[in-house]
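Student: model35.txt is the file, holding compact mmCIF, C-alpha atoms and all ligand atoms:
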# COMPACT_ATOMS: atom_id res chain seq x y z
CA MET A 1 0.00 0.00 0.00
CA VAL A 2 1.33 3.42 -0.88
CA PRO A 3 -0.47 6.27 0.85
CA LEU A 4 0.22 9.49 -0.99
CA VAL A 5 0.14 12.86 0.73
CA LEU A 6 1.02 15.93 -1.30
CA SER A 7 -0.23 19.45 -1.58
CA ALA A 8 -3.11 20.34 -3.80
CA HIS A 9 -0.86 23.07 -5.08
CA VAL A 10 1.05 20.69 -7.34
CA ARG A 11 -1.92 19.64 -9.37
CA ALA A 12 -3.40 23.05 -9.37
CA PHE A 13 -0.16 24.48 -10.65
CA PHE A 14 0.02 22.12 -13.58
CA SER A 15 -3.60 22.68 -14.40
CA CYS A 16 -3.04 26.43 -14.55
CA MET A 17 -0.16 25.84 -16.92
CA SER A 18 -2.67 24.23 -19.32
CA LEU A 19 -0.56 21.15 -19.83
CA PRO A 20 -2.07 18.16 -21.58
CA LYS A 21 -2.80 15.33 -19.21
CA SER A 22 0.05 13.24 -20.57
CA GLN A 23 2.47 15.86 -19.29
CA VAL A 24 1.02 16.08 -15.84
CA PRO A 25 2.37 12.97 -14.19
CA MET A 26 1.26 13.98 -10.73
CA TRP A 27 -2.34 13.47 -11.71
CA ALA A 28 -1.56 9.79 -11.67
CA LEU A 29 0.37 10.04 -8.43
CA LEU A 30 -2.13 11.97 -6.36
CA PRO A 31 -5.39 10.17 -6.67
CA PHE A 32 -6.98 10.58 -3.29
CA ARG A 33 -7.00 14.29 -2.69
CA PHE A 34 -9.66 14.85 -5.28
CA HIS A 35 -11.09 11.40 -5.49
CA PRO A 36 -14.74 11.43 -6.62
CA THR A 37 -15.86 10.06 -3.27
CA PHE A 38 -14.23 13.03 -1.64
CA PHE A 39 -16.07 15.41 -3.96
CA THR A 40 -19.37 13.83 -3.10
CA SER A 41 -18.60 14.10 0.58
CA MET A 42 -17.43 17.67 0.12
CA GLN A 43 -20.55 18.76 -1.71
CA ASN A 44 -22.71 17.24 0.98
CA THR A 45 -20.79 18.68 3.87
CA LEU A 46 -19.30 22.01 2.86
CA PRO A 47 -22.34 24.15 3.70
CA CYS A 48 -21.92 23.40 7.39
CA ILE A 49 -18.15 23.78 7.62
CA THR A 50 -17.05 26.12 10.35
CA GLY A 51 -13.65 24.82 11.37
CA PHE A 52 -11.60 21.79 10.63
CA ALA A 53 -12.60 19.54 7.75
CA PRO A 54 -15.57 17.52 8.97
CA PHE A 55 -15.16 14.68 6.49
CA PRO A 56 -14.52 11.23 7.85
CA LEU A 57 -11.02 10.16 6.87
CA SER A 58 -12.36 7.16 5.01
CA SER A 59 -14.07 9.44 2.53
CA CYS A 60 -10.67 10.75 1.45
CA CYS A 61 -9.84 7.35 0.01
CA ILE A 62 -6.22 6.81 0.85
CA HIS A 63 -5.74 3.98 -1.57
CA THR A 64 -3.14 2.14 -3.53
CA ALA A 65 -1.88 3.65 -6.76
CA PRO A 66 -1.18 0.54 -8.83
CA SER A 67 1.28 2.27 -11.15
CA ILE A 68 3.72 3.03 -8.34
CA GLN A 69 6.57 0.75 -7.35
CA LEU A 70 9.16 0.91 -4.64
CA LEU A 71 12.64 1.38 -6.03
CA THR A 72 14.60 -1.26 -4.18
CA ASP A 73 17.62 -1.46 -6.40
CA GLN A 74 18.51 2.24 -6.49
CA SER A 75 22.27 1.96 -6.40
CA ASP A 76 22.83 5.39 -4.84
CA LEU A 77 20.56 4.62 -1.94
CA ALA A 78 23.27 3.01 0.12
CA ALA A 79 25.40 6.15 -0.13
CA LEU A 80 22.75 8.36 1.45
CA PRO A 81 22.18 8.74 5.16
CA THR A 82 19.46 6.58 6.63
CA GLN A 83 19.92 7.78 10.21
CA PHE A 84 19.00 11.13 11.68
CA PRO A 85 22.00 13.45 11.73
CA ALA A 86 24.10 13.60 14.86
CA ASN A 87 24.12 16.70 17.02
CA LYS A 88 26.62 18.84 15.09
CA VAL A 89 26.54 22.11 13.17
CA VAL A 90 24.11 21.56 10.30
CA LEU A 91 26.00 23.10 7.39
CA LYS A 92 23.02 23.47 5.08
CA ASN A 93 21.22 25.63 7.65
CA MET A 94 23.63 28.44 6.80
CA ILE A 95 23.42 30.92 3.96
CA TYR A 96 26.81 31.71 2.43
CA ASN A 97 27.71 34.68 4.67
CA GLU A 98 26.94 32.65 7.77
CA LEU A 99 29.06 29.76 6.53
CA GLU A 100 31.94 32.18 5.99
CA ASP A 101 31.56 33.51 9.53
CA TRP A 102 31.42 29.98 10.94
CA VAL A 103 34.56 28.92 9.08
CA GLU A 104 36.35 32.01 10.34
CA SER A 105 35.13 31.49 13.89
CA MET A 106 36.68 28.03 13.77
CA GLY A 107 40.09 29.55 13.04
CA HIS A 108 40.19 29.02 9.26
CA LYS A 109 40.46 31.43 6.37
CA LYS A 110 37.13 32.74 5.05
CA THR A 111 38.08 31.60 1.54
CA ARG A 112 37.68 27.98 2.63
CA ALA A 113 33.96 28.63 2.99
CA MET A 114 33.61 28.99 -0.78
CA MET A 115 35.42 25.71 -1.32
CA LEU A 116 33.05 24.00 1.11
CA TRP A 117 30.01 25.69 -0.45
CA ARG A 118 30.96 24.34 -3.87
CA TRP A 119 31.36 20.82 -2.49
CA LEU A 120 27.99 21.04 -0.78
CA TYR A 121 26.03 22.44 -3.71
CA GLY A 122 28.19 22.43 -6.85
CA ARG A 123 27.14 20.46 -9.92
CA ASP A 124 27.90 16.74 -9.56
CA LYS A 125 29.34 17.26 -6.07
CA TRP A 126 26.52 17.34 -3.45
CA VAL A 127 28.79 15.63 -0.91
CA GLU A 128 27.27 13.81 2.02
CA SER A 129 30.34 13.77 4.26
CA ALA A 130 33.75 15.37 4.67
CA ASP A 131 35.33 12.09 3.51
CA GLU A 132 34.11 12.74 -0.04
CA ILE A 133 35.87 16.11 -0.26
CA ILE A 134 39.24 16.08 -1.96
CA GLY A 135 41.91 18.76 -2.26
CA ILE A 136 41.33 20.54 1.06
CA LYS A 137 43.78 20.97 3.92
CA LYS A 138 43.86 18.17 6.47
CA ASP A 139 43.02 20.39 9.44
CA PHE A 140 39.98 21.84 7.66
CA LYS A 141 38.79 18.37 6.72
CA GLN A 142 39.24 17.29 10.32
CA LEU A 143 37.14 20.23 11.50
CA LEU A 144 34.35 19.25 9.10
CA GLN A 145 34.51 15.63 10.20
CA ASP A 146 34.37 16.58 13.87
CA THR A 147 31.82 19.37 13.87
CA GLY A 148 30.01 19.61 10.53
CA ASP A 149 26.81 17.79 9.73
CA PHE A 150 26.30 17.41 5.98
CA GLY A 151 22.82 15.88 6.03
CA ALA A 152 19.48 17.03 7.42
CA LEU A 153 16.99 14.31 6.57
CA ALA A 154 16.81 10.55 6.77
CA LEU A 155 16.05 8.89 3.46
CA GLN A 156 13.34 6.29 3.92
CA ASN A 157 12.06 5.16 0.54
CA ILE A 158 11.81 5.98 -3.12
CA TYR A 159 8.79 5.17 -5.23
CA VAL A 160 8.58 5.38 -8.99
CA ALA A 161 5.50 5.67 -11.19
CA LYS A 162 5.18 4.29 -14.71
CA ASP A 163 5.54 7.75 -16.19
CA GLY A 164 8.92 8.19 -14.48
CA THR A 165 7.80 10.44 -11.64
CA ARG A 166 9.65 9.64 -8.42
CA LYS A 167 8.53 10.20 -4.88
CA ILE A 168 11.17 10.34 -2.16
CA LEU A 169 10.08 9.75 1.40
CA PHE A 170 12.21 11.38 4.11
CA GLY A 171 12.04 11.01 7.85
CA VAL A 172 12.33 14.08 10.05
CA GLU A 173 12.61 14.19 13.83
CA GLU A 174 9.94 12.67 16.05
CA GLY A 175 8.86 10.06 13.55
CA SER A 176 7.30 12.44 11.01
CA THR A 177 7.77 12.01 7.28
CA ILE A 178 7.77 14.40 4.36
CA GLU A 179 7.71 13.83 0.63
CA THR A 180 9.63 15.21 -2.30
CA VAL A 181 8.57 14.51 -5.85
CA VAL A 182 10.84 14.51 -8.90
CA ILE A 183 8.92 15.09 -12.12
CA PRO A 184 10.79 14.48 -15.37
CA CYS A 185 9.54 15.96 -18.60
CA ASP A 186 10.43 14.93 -22.14
CA ARG A 187 11.06 18.58 -23.03
CA GLY A 188 14.30 18.56 -21.06
CA ARG A 189 12.88 19.98 -17.87
CA THR A 190 13.05 18.18 -14.53
CA THR A 191 11.06 19.63 -11.66
CA VAL A 192 11.47 18.91 -7.98
CA CYS A 193 8.50 19.55 -5.72
CA VAL A 194 9.63 20.19 -2.15
CA SER A 195 7.82 20.25 1.18
CA SER A 196 8.21 23.15 3.60
CA GLN A 197 6.35 21.91 6.68
CA VAL A 198 5.19 18.69 8.27
CA GLY A 199 1.42 19.06 8.00
CA CYS A 200 -0.18 22.46 7.48
CA ALA A 201 -2.19 24.94 9.54
CA MET A 202 -4.16 26.44 6.64
CA ASN A 203 -7.00 23.95 6.74
CA CYS A 204 -8.01 24.19 3.07
CA GLN A 205 -11.09 22.04 2.88
CA PHE A 206 -10.05 20.07 -0.19
CA CYS A 207 -6.62 19.11 1.10
CA TYR A 208 -5.57 16.08 3.08
CA THR A 209 -2.45 17.75 4.50
CA GLY A 210 -4.70 20.45 5.96
CA ARG A 211 -6.46 17.79 8.00
CA MET A 212 -3.22 16.94 9.80
CA GLY A 213 -2.77 20.37 11.32
CA LEU A 214 0.71 21.83 11.58
CA LYS A 215 3.27 19.47 13.13
CA LYS A 216 6.52 21.23 12.38
CA ASN A 217 8.25 23.82 10.24
CA LEU A 218 11.13 22.37 8.23
CA SER A 219 14.51 23.98 8.75
CA THR A 220 16.43 25.70 5.96
CA ALA A 221 18.65 22.62 5.70
CA GLN A 222 15.72 20.22 5.52
CA ILE A 223 14.24 22.17 2.62
CA VAL A 224 17.50 22.53 0.68
CA GLU A 225 18.43 18.91 1.35
CA GLN A 226 15.39 17.71 -0.60
CA LEU A 227 16.79 19.32 -3.74
CA VAL A 228 20.35 18.18 -3.05
CA VAL A 229 19.32 14.54 -2.55
CA ALA A 230 17.08 14.62 -5.63
CA SER A 231 20.00 16.00 -7.66
CA ARG A 232 22.38 13.42 -6.30
CA LEU A 233 20.00 10.55 -6.95
CA PHE A 234 18.56 11.42 -10.31
CA SER A 235 20.69 13.96 -12.21
CA THR A 236 22.72 11.32 -14.03
CA GLU A 237 19.61 9.58 -15.21
CA LEU A 238 17.25 12.51 -15.78
CA GLY A 239 19.64 15.40 -16.41
CA PRO A 240 20.03 18.44 -14.19
CA ILE A 241 17.14 19.61 -12.05
CA THR A 242 15.89 22.73 -13.78
CA ASN A 243 12.85 23.75 -11.73
CA VAL A 244 11.82 23.73 -8.09
CA VAL A 245 8.27 24.21 -6.88
CA PHE A 246 7.37 24.66 -3.21
CA MET A 247 4.13 22.78 -3.63
CA GLY A 248 4.66 19.76 -1.41
CA MET A 249 3.45 19.45 2.13
CA GLY A 250 2.79 22.73 3.95
CA GLU A 251 2.15 26.42 3.31
CA PRO A 252 5.62 27.72 2.42
CA LEU A 253 4.94 31.27 3.53
CA HIS A 254 3.84 30.09 6.96
CA ASN A 255 7.50 29.08 7.30
CA VAL A 256 8.66 32.20 5.52
CA GLU A 257 12.04 32.69 7.19
CA ASN A 258 13.36 29.23 6.31
CA VAL A 259 11.73 29.23 2.89
CA ILE A 260 13.35 32.52 1.90
CA ARG A 261 16.73 31.29 3.11
CA ALA A 262 16.35 27.97 1.30
CA ALA A 263 15.20 29.66 -1.92
CA ASN A 264 18.18 32.01 -1.81
CA ILE A 265 20.55 29.05 -1.38
CA MET A 266 18.92 27.31 -4.34
CA VAL A 267 19.55 30.24 -6.68
CA ASP A 268 23.07 31.03 -5.46
CA LEU A 269 25.43 31.41 -8.43
CA HIS A 270 28.24 29.37 -6.90
CA GLY A 271 26.10 26.50 -5.72
CA LEU A 272 22.84 25.00 -6.94
CA HIS A 273 22.46 27.92 -9.33
CA LEU A 274 18.84 27.59 -10.37
CA SER A 275 17.29 30.48 -12.21
CA PRO A 276 15.10 32.53 -9.80
CA ASN A 277 12.20 32.39 -12.21
CA LYS A 278 12.38 28.61 -12.08
CA VAL A 279 12.02 28.45 -8.32
CA THR A 280 8.33 28.94 -7.54
CA ILE A 281 6.78 29.28 -4.12
CA SER A 282 3.09 28.55 -3.91
CA THR A 283 0.92 30.22 -1.28
CA SER A 284 -2.67 30.08 -0.17
CA GLY A 285 -2.48 33.87 0.32
CA LEU A 286 -0.70 34.92 3.52
CA VAL A 287 -0.43 38.58 2.61
CA PRO A 288 2.26 39.99 4.96
CA GLN A 289 4.56 37.03 4.30
CA LEU A 290 3.87 37.28 0.58
CA ARG A 291 5.04 40.89 0.62
CA ARG A 292 8.18 39.91 2.51
CA PHE A 293 8.89 37.07 0.10
CA CYS A 294 8.58 39.39 -2.90
CA ARG A 295 10.99 41.87 -1.34
CA GLU A 296 13.62 39.41 -0.15
CA THR A 297 13.92 37.02 -3.09
CA ALA A 298 13.85 37.17 -6.85
CA CYS A 299 11.99 33.85 -7.04
CA SER A 300 8.58 33.30 -8.59
CA LEU A 301 5.25 33.25 -6.85
CA ALA A 302 2.14 31.15 -7.41
CA VAL A 303 -1.12 31.90 -5.64
CA SER A 304 -3.56 29.11 -4.99
CA LEU A 305 -6.78 30.98 -5.81
CA ASN A 306 -9.47 28.32 -6.18
CA ALA A 307 -12.41 30.74 -5.99
CA THR A 308 -13.40 34.10 -7.44
CA THR A 309 -15.68 35.26 -4.62
CA ASP A 310 -15.00 35.75 -0.93
CA GLU A 311 -18.09 33.73 -0.16
CA VAL A 312 -16.71 30.57 -1.75
CA ARG A 313 -13.08 31.20 -0.85
CA ASN A 314 -13.93 31.79 2.83
CA TRP A 315 -15.62 28.46 2.68
CA ILE A 316 -12.91 26.32 1.07
CA MET A 317 -9.79 28.28 2.11
CA PRO A 318 -10.17 29.73 5.62
CA VAL A 319 -7.11 31.96 5.11
CA ASN A 320 -9.44 34.14 3.01
CA ARG A 321 -11.34 35.13 6.15
CA LYS A 322 -8.22 37.00 7.28
CA TYR A 323 -6.86 38.13 3.90
CA ASN A 324 -9.78 38.38 1.50
CA LEU A 325 -9.56 38.57 -2.27
CA HIS A 326 -9.42 42.37 -2.37
CA THR A 327 -6.56 42.47 0.16
CA LEU A 328 -4.71 39.69 -1.65
CA MET A 329 -5.06 41.21 -5.11
CA SER A 330 -4.14 44.71 -3.93
CA ALA A 331 -0.98 43.38 -2.27
CA LEU A 332 -0.04 41.48 -5.41
CA LYS A 333 -0.56 44.53 -7.64
CA GLU A 334 1.60 46.64 -5.36
CA GLU A 335 4.39 44.10 -5.14
CA ILE A 336 4.39 43.44 -8.88
CA SER A 337 4.64 47.14 -9.62
CA CYS A 338 7.94 47.27 -7.65
CA LYS A 339 9.51 44.42 -9.63
CA LYS A 340 10.73 44.03 -13.17
CA ASP A 341 9.49 41.14 -15.34
CA PHE A 342 7.83 39.48 -12.39
CA LYS A 343 4.96 37.11 -13.04
CA VAL A 344 2.50 35.58 -10.61
CA PHE A 345 0.91 32.24 -11.42
CA PHE A 346 -2.63 31.56 -10.30
CA GLU A 347 -3.60 28.02 -9.43
CA TYR A 348 -7.23 26.97 -9.62
CA VAL A 349 -8.57 23.54 -8.81
CA LEU A 350 -12.01 22.99 -10.25
CA LEU A 351 -14.37 21.48 -7.69
CA SER A 352 -17.56 20.30 -9.26
CA GLY A 353 -20.54 22.39 -8.19
CA ILE A 354 -18.44 24.54 -5.86
CA ASN A 355 -16.13 26.87 -7.77
CA ASP A 356 -16.69 25.96 -11.40
CA ARG A 357 -19.39 28.41 -12.36
S1 LIG B 1 -2.04 25.61 2.11
FE1 LIG B 1 -1.89 23.74 3.36
S2 LIG B 1 -4.02 23.04 3.60
FE2 LIG B 1 -3.98 24.50 1.87
S3 LIG B 1 -3.67 23.24 0.01
FE3 LIG B 1 -1.61 23.90 0.69
S4 LIG B 1 -0.91 22.22 2.02
FE4 LIG B 1 -3.11 21.98 1.81
Translate this file's structure into structure tokens.

Tutor:
Amino acid sequence: MVPLVLSAHVRAFFSCMSLPKSQVPMWALLPFRFHPTFFTSMQNTLPCITGFAPFPLSSCCIHTAPSIQLLTDQSDLAALPTQFPANKVVLKNMIYNELEDWVESMGHKKTRAMMLWRWLYGRDKWVESADEIIGIKKDFKQLLQDTGDFGALALQNIYVAKDGTRKILFGVEEGSTIETVVIPCDRGRTTVCVSSQVGCAMNCQFCYTGRMGLKKNLSTAQIVEQLVVASRLFSTELGPITNVVFMGMGEPLHNVENVIRAANIMVDLHGLHLSPNKVTISTSGLVPQLRRFCRETACSLAVSLNATTDEVRNWIMPVNRKYNLHTLMSALKEEISCKKDFKVFFEYVLLSGINDR
């Protein structure tokens, strides 16, 4: 059995991009969020919703996706950490300036920070321990072995669908799991969908993650690590990762500090070096955090809209009760006007009889 838990944002995003179904592999991977039984339940129950989703869990149909298999012979798997990291300095929690300061505070030249940064994030490097680094001074290597933690997540499983989409399951502290999805495309693009929280506080009525409530914000390192591990595992086979979407578990802007830091690491020229317009953060509409995100990164924004009136949006996305459509749209207009060539994507999931007329 393979229970699948991913944000509605992923599917909504692809639907807004008007891709033909054959190019939307996640439709096959995410059957239960919008399973017909769930729609029926939703239509019957929505009028009386006041708080948390009132649907019985069974109506969400967590069921087996027959096209998905566990990858048991993934040769790289053995090279990746399967244990939670020890209590050391988590290197991927630091943006570059902080790494420089840390290296200096440990009695080494600042310039060694760049060398380390390139080994952590550089193309075809993505090292998992100090032992893999070559060409650095012995004392610096010793420091990294003694005090640096290169990982941030425990790899648990990898699943692959017939269309080539991979789902990576990671363990985080306290027995929670998160998911990362790698979506290849025959047009030379490979997208990684990352999670930003364990669970979610936003309580969107069509979303299974929302039912869990918020368990934990992921750290900067735990967000970045999802991309690093995906690159390490699949770049040889699928080519470089070209796009990142924050559309996995969680509301990214509810963890805005770590998401901004992680996004800025992802687009750093000397490291992972993704184009800012290919790193997209999806939000349900947290207006103050959205403004901060627009001002502190050059990355792209997608807004999960899902309704055109406050009446319906209040109903299916409770965040609208705090930041209604007028507030959201005004903030977007203002922020866009301060930026050059900045586009906002709108995601819209059609729910039969609810927001489709
Ligand atoms: S914001 Fe949270 S509850 Fe809403 S769709 Fe995204 S993950 Fe689900």

Student: Do you know which residues are within 8 Å of ligand LIG 1 (chain B) using only C-alpha atoms and all ligand atoms? Can you write them as a list in words?

Tutor: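 Selection of residues at most 8 Å from ligand LIG 1 (chain B): Leu6, Ser7, Ala8, His9, Gly199, Cys200, Ala201, Met202, Asn203, Cys204, Gln205, Phe206, Cys207, Tyr208, Thr209, Gly210, Arg211, Met247, Gly248, Met249, Gly250, Glu251, Pro252, Thr283, Ser284, Ser304 and Met317 of chain A.
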
Student: Provide the atom CA of A:Gly171 to atom CA of A:Ile260 distance in Å, to one decimal place.

Tutor: 22.4 Å

Student: If we count only C-alpha atoms, what is near A:Lys216 at a cut-off of 12 Å, once residues fewer than 2 positions away on the same chain are taken out, given as an MDAnalysis selection string?

Tutor: chainID A and resid 172:178 195:201 212:214 218:219 222 249:252 254:255

Student: Can those selected residues be exported to a file as a PDB file, in the coordinates of the input so that it contains C-alpha atoms?

Tutor:
ATOM      1  CA  VAL A 172      12.330  14.080  10.050  1.00  0.00           C
ATOM      2  CA  GLU A 173      12.610  14.190  13.830  1.00  0.00           C
ATOM      3  CA  GLU A 174       9.940  12.670  16.050  1.00  0.00           C
ATOM      4  CA  GLY A 175       8.860  10.060  13.550  1.00  0.00           C
ATOM      5  CA  SER A 176       7.300  12.440  11.010  1.00  0.00           C
ATOM      6  CA  THR A 177       7.770  12.010   7.280  1.00  0.00           C
ATOM      7  CA  ILE A 178       7.770  14.400   4.360  1.00  0.00           C
ATOM      8  CA  SER A 195       7.820  20.250   1.180  1.00  0.00           C
ATOM      9  CA  SER A 196       8.210  23.150   3.600  1.00  0.00           C
ATOM     10  CA  GLN A 197       6.350  21.910   6.680  1.00  0.00           C
ATOM     11  CA  VAL A 198       5.190  18.690   8.270  1.00  0.00           C
ATOM     12  CA  GLY A 199       1.420  19.060   8.000  1.00  0.00           C
ATOM     13  CA  CYS A 200      -0.180  22.460   7.480  1.00  0.00           C
ATOM     14  CA  ALA A 201      -2.190  24.940   9.540  1.00  0.00           C
ATOM     15  CA  MET A 212      -3.220  16.940   9.800  1.00  0.00           C
ATOM     16  CA  GLY A 213      -2.770  20.370  11.320  1.00  0.00           C
ATOM     17  CA  LEU A 214       0.710  21.830  11.580  1.00  0.00           C
ATOM     18  CA  LEU A 218      11.130  22.370   8.230  1.00  0.00           C
ATOM     19  CA  SER A 219      14.510  23.980   8.750  1.00  0.00           C
ATOM     20  CA  GLN A 222      15.720  20.220   5.520  1.00  0.00           C
ATOM     21  CA  MET A 249       3.450  19.450   2.130  1.00  0.00           C
ATOM     22  CA  GLY A 250       2.790  22.730   3.950  1.00  0.00           C
ATOM     23  CA  GLU A 251       2.150  26.420   3.310  1.00  0.00           C
ATOM     24  CA  PRO A 252       5.620  27.720   2.420  1.00  0.00           C
ATOM     25  CA  HIS A 254       3.840  30.090   6.960  1.00  0.00           C
ATOM     26  CA  ASN A 255       7.500  29.080   7.300  1.00  0.00           C
TER      27      ASN A 255
END

Student: I want to know what sits within 9 Å of stretch 182-185 of chain A, based on all atoms listed in the file, with residues of the same chain fewer than 4 positions away left out; could you give that as an MDAnalysis selection string?

Tutor: chainID A and resid 23:26 163:168 189:194 230 234 238:239 241

Student: Determine, counting all atoms listed in the file, every residue of protein, DNA or RNA that lies within 12 Å of (-10.8, 34.6, 6.9) in the file coordinates, then give the result as a list in words.

Tutor: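 The requested residues, written out, are Thr50, Gly51, Met202, Asn203, Cys204, Ser284, Gly285, Leu286, Val287, Asp310, Glu311, Val312, Arg313, Asn314, Trp315, Ile316, Met317, Pro318, Val319, Asn320, Arg321, Lys322, Tyr323, Asn324, Leu325, Thr327 and Leu328 of chain A.
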
Student: Name the closest residue to A:Lys343 among the candidates A:Lys278, A:His108, A:Lys137, A:Lys92; distances are taken between atoms, counting all atoms listed in the file.

Tutor: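 Answer, going by the shortest atom-to-atom distance: A:Lys278.
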
Student: Write out as AutoDock Vina command-line options an axis-aligned box for stretch 252-264 of chain A: all of its atoms listed in the file, 5 Å added on each side, centre and edge lengths in Å with one decimal.

Tutor:
--center_x 11.0 --center_y 30.2 --center_z 2.7 --size_x 24.3 --size_y 15.0 --size_z 19.2

Student: Nearest to A:Thr309 among A:Arg291, A:His270, A:Lys340, A:Arg357, with distances taken over all atoms listed in the file: which residue is it?

Tutor: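 Checking each of A:Arg291, A:His270, A:Lys340, A:Arg357 against A:Thr309, counting all atoms listed in the file, the winner is A:Arg357.
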
Student: Of the candidates A:Leu301, A:Val279, A:Ile265, A:Val256, which one gets nearest to A:Val244 if we count all atoms listed in the file?

Tutor: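 Of the candidates, the smallest distance to A:Val244 is held by A:Val279.
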
Student: Just the number, please: distance in Å from atom CA of A:Thr280 to atom CA of A:Ala302, one decimal.

Tutor: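 Here the two named atoms are 6.6 Å from each other.
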
Student: Quick one: of A:Ser235, A:Arg123, A:Leu143, A:Ile134, who's nearest to A:Glu104, counting only C-alpha atoms?

Tutor: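 Result for the nearest residue to A:Glu104: A:Leu143.
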
Student: Enter the distance from atom CA of A:Cys299 to atom CA of A:Ala263, in Å, rounded to one decimal.

Tutor: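 Separation between atom CA of A:Cys299 and atom CA of A:Ala263: 7.4 Å.
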